[in-house]
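Only one structure is covered here, and it is reproduced in the block below.
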Amino acid sequence: METLKIKNKNCEVEVLNNNLKSLNVTKNDIEYKLIAFDPNNYVISFIMAPWVNRIEDGKFECEKGVFNLLDNHPLGRNFNHAIHGTMLFAEWDLINHEENYIELSSSVLKPWPFKSQIKSRFKLLENKLRQELTIINHDNYVMPYSLGWHPWFNRSLGSEDLVIKFDSDFKWEIKNEIPTSKKIISDEISKFKKGYAPGIDTLDDCYKLKSNSKVILKWPEINLNINSSKECRHLTVYTPPSGINENYICVEPQTSTINSFQLENKKIEENGTLFLIPSESKTIFTEWEWW
């Protein structure tokens, strides 16, 4: 699919096969590139569906049966766990493209065992980008799922580093890339509440947001408010290690924590797993507003 553009006097957005290729905002006649795109080094702002982040060893047990989500997964040879869902690798069909609107659709790829579909929408307003995901269950079984976005933001727009601000109840304790059942109040939670610029290679963590918390990204040049639907009560913050990708930060609104399906099966509360009965659909959104 060719790169699709939507734009207005304040912003230009590029979408490549449902990946957010660019988000360029003009303020005081200066253009700022908020996100990064470097596919050779896996820097692609993509959606996570029908699960977010990692599923331990790919083991997935549900009403339909027991499955291995690492089987024939495109990243199965690169990771120990089934990571980021399957829709990063989908070929999307264009449903509609207008001056300020894009709608795309794709069937959910294997190894996901449920017959299902994702619709993705981008709508550009005067100083806001709204992104929507709709998941549809075409299967005969109740389907667990989780959804989210994985944007790569530039750490700097020209001067000081990005400051991130949000209010969370806890973060999940992580061991070997997978959360335990323990919910911890870490030192950076209070820092994020006031506004915090995390250093390189310091975080790869998932936080449970407070019910009314917004997420604000602050550069000296521009501010970006991330306001997501009520289902997106988890946020992953990833600061890559020193090297090629050290100038980026991932701030990821999502419906569940890492490994949520297995946590749900263990009856660990607040993991964020959602369920969809046959023939029904669910839509979530994230709105990014700048000033």
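In the structure tokens, chains take letters A, B, ... by order of appearance, with residues numbered from 1 within each chain and ligands from 1 in the order shown.
Secondary structure from DSSP on the backbone puts helix (DSSP H, G or I) at the following positions of region 104-270 of chain A: A:Asp187, A:Glu188, A:Ile189, A:Ser190, A:Lys191, A:Phe192, A:Lys193, A:Lys194, A:Ser260, A:Phe261, A:Gln262, A:Leu263, A:Glu264, A:Asn265.
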Output the selection as a tab-separated table (two decimals), in the first residue's frame - N, CA and C atoms for each residue.
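Generated output (result_5.tsv):
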chain	number	residue	atom	x	y	z
A	187	ASP	N	9.51	3.98	42.62
A	187	ASP	CA	9.96	5.36	42.85
A	187	ASP	C	9.50	6.31	41.75
A	188	GLU	N	9.48	5.83	40.50
A	188	GLU	CA	9.17	6.75	39.41
A	188	GLU	C	7.68	7.09	39.31
A	189	ILE	N	6.82	6.36	40.03
A	189	ILE	CA	5.39	6.67	39.97
A	189	ILE	C	5.12	8.08	40.48
A	190	SER	N	5.73	8.44	41.60
A	190	SER	CA	5.55	9.80	42.11
A	190	SER	C	6.21	10.83	41.20
A	191	LYS	N	7.29	10.44	40.53
A	191	LYS	CA	7.96	11.34	39.61
A	191	LYS	C	7.09	11.61	38.38
A	192	PHE	N	6.47	10.56	37.86
A	192	PHE	CA	5.59	10.74	36.70
A	192	PHE	C	4.38	11.62	37.05
A	193	LYS	N	3.92	11.54	38.27
A	193	LYS	CA	2.77	12.37	38.68
A	193	LYS	C	3.10	13.85	38.57
A	194	LYS	N	4.35	14.22	38.82
A	194	LYS	CA	4.78	15.62	38.75
A	194	LYS	C	5.33	15.98	37.37
A	260	SER	N	-1.58	-10.63	29.76
A	260	SER	CA	-2.86	-10.51	30.46
A	260	SER	C	-3.69	-11.79	30.41
A	261	PHE	N	-3.61	-12.55	29.31
A	261	PHE	CA	-4.44	-13.76	29.21
A	261	PHE	C	-4.08	-14.77	30.29
A	262	GLN	N	-2.78	-14.96	30.52
A	262	GLN	CA	-2.37	-15.91	31.55
A	262	GLN	C	-2.68	-15.38	32.94
A	263	LEU	N	-2.54	-14.07	33.14
A	263	LEU	CA	-2.92	-13.49	34.44
A	263	LEU	C	-4.42	-13.65	34.68
A	264	GLU	N	-5.20	-13.49	33.63
A	264	GLU	CA	-6.66	-13.68	33.76
A	264	GLU	C	-6.98	-15.12	34.15
A	265	ASN	N	-6.31	-16.08	33.54
A	265	ASN	CA	-6.56	-17.49	33.87
A	265	ASN	C	-6.16	-17.82	35.30
- Selection near Phe285 (chain A), 8 Å with only C-alpha atoms, sequence-local residues under 2 positions removed, as a ChimeraX atom specification: /A:130-133,228-229,283,287
Any chance you can output those residues with all heavy atoms as a tab-separated table (two decimals), in the first residue's frame?
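File again37.tsv, as written:
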chain	number	residue	atom	x	y	z
A	130	ARG	N	-7.26	11.77	16.17
A	130	ARG	CA	-8.02	10.70	16.83
A	130	ARG	C	-7.77	9.40	16.07
A	130	ARG	O	-7.92	9.34	14.84
A	130	ARG	CB	-9.51	11.02	16.83
A	130	ARG	CG	-10.37	9.94	17.51
A	130	ARG	CD	-11.84	10.31	17.44
A	130	ARG	NE	-12.71	9.27	17.97
A	130	ARG	CZ	-13.20	9.24	19.20
A	130	ARG	NH1	-12.90	10.22	20.04
A	130	ARG	NH2	-13.99	8.27	19.61
A	131	GLN	N	-7.37	8.38	16.82
A	131	GLN	CA	-7.18	7.04	16.25
A	131	GLN	C	-8.16	6.08	16.92
A	131	GLN	O	-8.28	6.07	18.14
A	131	GLN	CB	-5.74	6.57	16.49
A	131	GLN	CG	-4.69	7.48	15.86
A	131	GLN	CD	-3.29	7.10	16.28
A	131	GLN	OE1	-2.75	6.08	15.85
A	131	GLN	NE2	-2.67	7.92	17.11
A	132	GLU	N	-8.83	5.29	16.10
A	132	GLU	CA	-9.81	4.33	16.60
A	132	GLU	C	-9.46	2.93	16.12
A	132	GLU	O	-8.97	2.74	15.00
A	132	GLU	CB	-11.22	4.67	16.11
A	132	GLU	CG	-11.80	5.95	16.65
A	132	GLU	CD	-13.22	6.20	16.15
A	132	GLU	OE1	-13.69	5.43	15.28
A	132	GLU	OE2	-13.86	7.16	16.61
A	133	LEU	N	-9.74	1.95	16.98
A	133	LEU	CA	-9.64	0.55	16.62
A	133	LEU	C	-10.96	-0.13	16.94
A	133	LEU	O	-11.49	0.02	18.04
A	133	LEU	CB	-8.52	-0.14	17.39
A	133	LEU	CG	-7.09	0.28	17.10
A	133	LEU	CD1	-6.12	-0.45	18.02
A	133	LEU	CD2	-6.74	0.01	15.64
A	228	SER	N	-7.27	8.71	26.14
A	228	SER	CA	-7.74	7.47	25.54
A	228	SER	C	-9.06	7.02	26.16
A	228	SER	O	-9.43	7.47	27.25
A	228	SER	CB	-6.68	6.37	25.70
A	228	SER	OG	-5.44	6.77	25.14
A	229	SER	N	-9.76	6.13	25.48
A	229	SER	CA	-11.03	5.63	25.97
A	229	SER	C	-10.85	4.89	27.29
A	229	SER	O	-9.74	4.46	27.64
A	229	SER	CB	-11.70	4.73	24.94
A	229	SER	OG	-10.83	3.71	24.50
A	283	THR	N	-15.13	-0.85	20.02
A	283	THR	CA	-14.28	0.22	19.51
A	283	THR	C	-13.61	0.94	20.67
A	283	THR	O	-14.27	1.27	21.66
A	283	THR	CB	-15.09	1.22	18.68
A	283	THR	OG1	-15.65	0.55	17.54
A	283	THR	CG2	-14.22	2.38	18.19
A	287	GLU	N	-6.87	9.84	21.57
A	287	GLU	CA	-6.83	11.17	20.98
A	287	GLU	C	-5.58	11.90	21.41
A	287	GLU	O	-5.30	11.96	22.62
A	287	GLU	CB	-8.07	11.98	21.39
A	287	GLU	CG	-9.35	11.54	20.72
A	287	GLU	CD	-10.51	12.45	21.05
A	287	GLU	OE1	-10.43	13.20	22.04
A	287	GLU	OE2	-11.53	12.42	20.32
Residues of region 190-257 of chain A at most 12 Å from region 53-67 of chain A: nearest atom pair and distance in Å, only C-alpha atoms, as a Markdown table:
| residue | atom | partner | partner_atom | distance |
| --- | --- | --- | --- | --- |
| A:Asp204 | CA | A:Asn53 | CA | 10.7 |
| A:Asp205 | CA | A:Asn53 | CA | 10.6 |
| A:Cys206 | CA | A:Asn53 | CA | 9.7 |
| A:His234 | CA | A:Asn53 | CA | 11.5 |
| A:Leu235 | CA | A:Asn53 | CA | 11.0 |
| A:Thr236 | CA | A:Asn53 | CA | 8.9 |
| A:Val237 | CA | A:Asn53 | CA | 11.5 |
| A:Tyr238 | CA | A:Asn53 | CA | 11.3 |
| A:Glu252 | CA | A:Asn53 | CA | 9.9 |
| A:Pro253 | CA | A:Asn53 | CA | 11.3 |
| A:Gln254 | CA | A:Asn53 | CA | 9.4 |
| A:Thr255 | CA | A:Asn53 | CA | 10.9 |
| A:Ser256 | CA | A:Asn53 | CA | 9.2 |
| A:Thr257 | CA | A:Asn53 | CA | 7.9 |
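The smallest atom-to-atom distance between Gly243 (chain A) and any of A:Glu126, A:Glu98, A:Asp201, A:Glu2, using only C-alpha atoms, is found for A:Asp201.
Among the candidates A:Lys33, A:Lys175, A:Phe166, A:Leu104, the one nearest to Asn212 (chain A) when counting only C-alpha atoms is A:Phe166.
Using only C-alpha atoms for every distance, the candidate list A:Ser106, A:Asn80, A:Ser213, A:Asn247 yields A:Asn80 as the residue closest to Asn176 (chain A).
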- Message: At a cut-off of 9 Å, using only C-alpha atoms, what residues contact Ile6 (chain A)? Leave out same-chain residues fewer than 3 positions from it and give the result as a count of residues only.
- Response: 14
- Message: Could you tell me how far CA of Met143 (chain A) sits from CA of Phe275 (chain A), in Å to one decimal place?
- Response: 5.5 Å
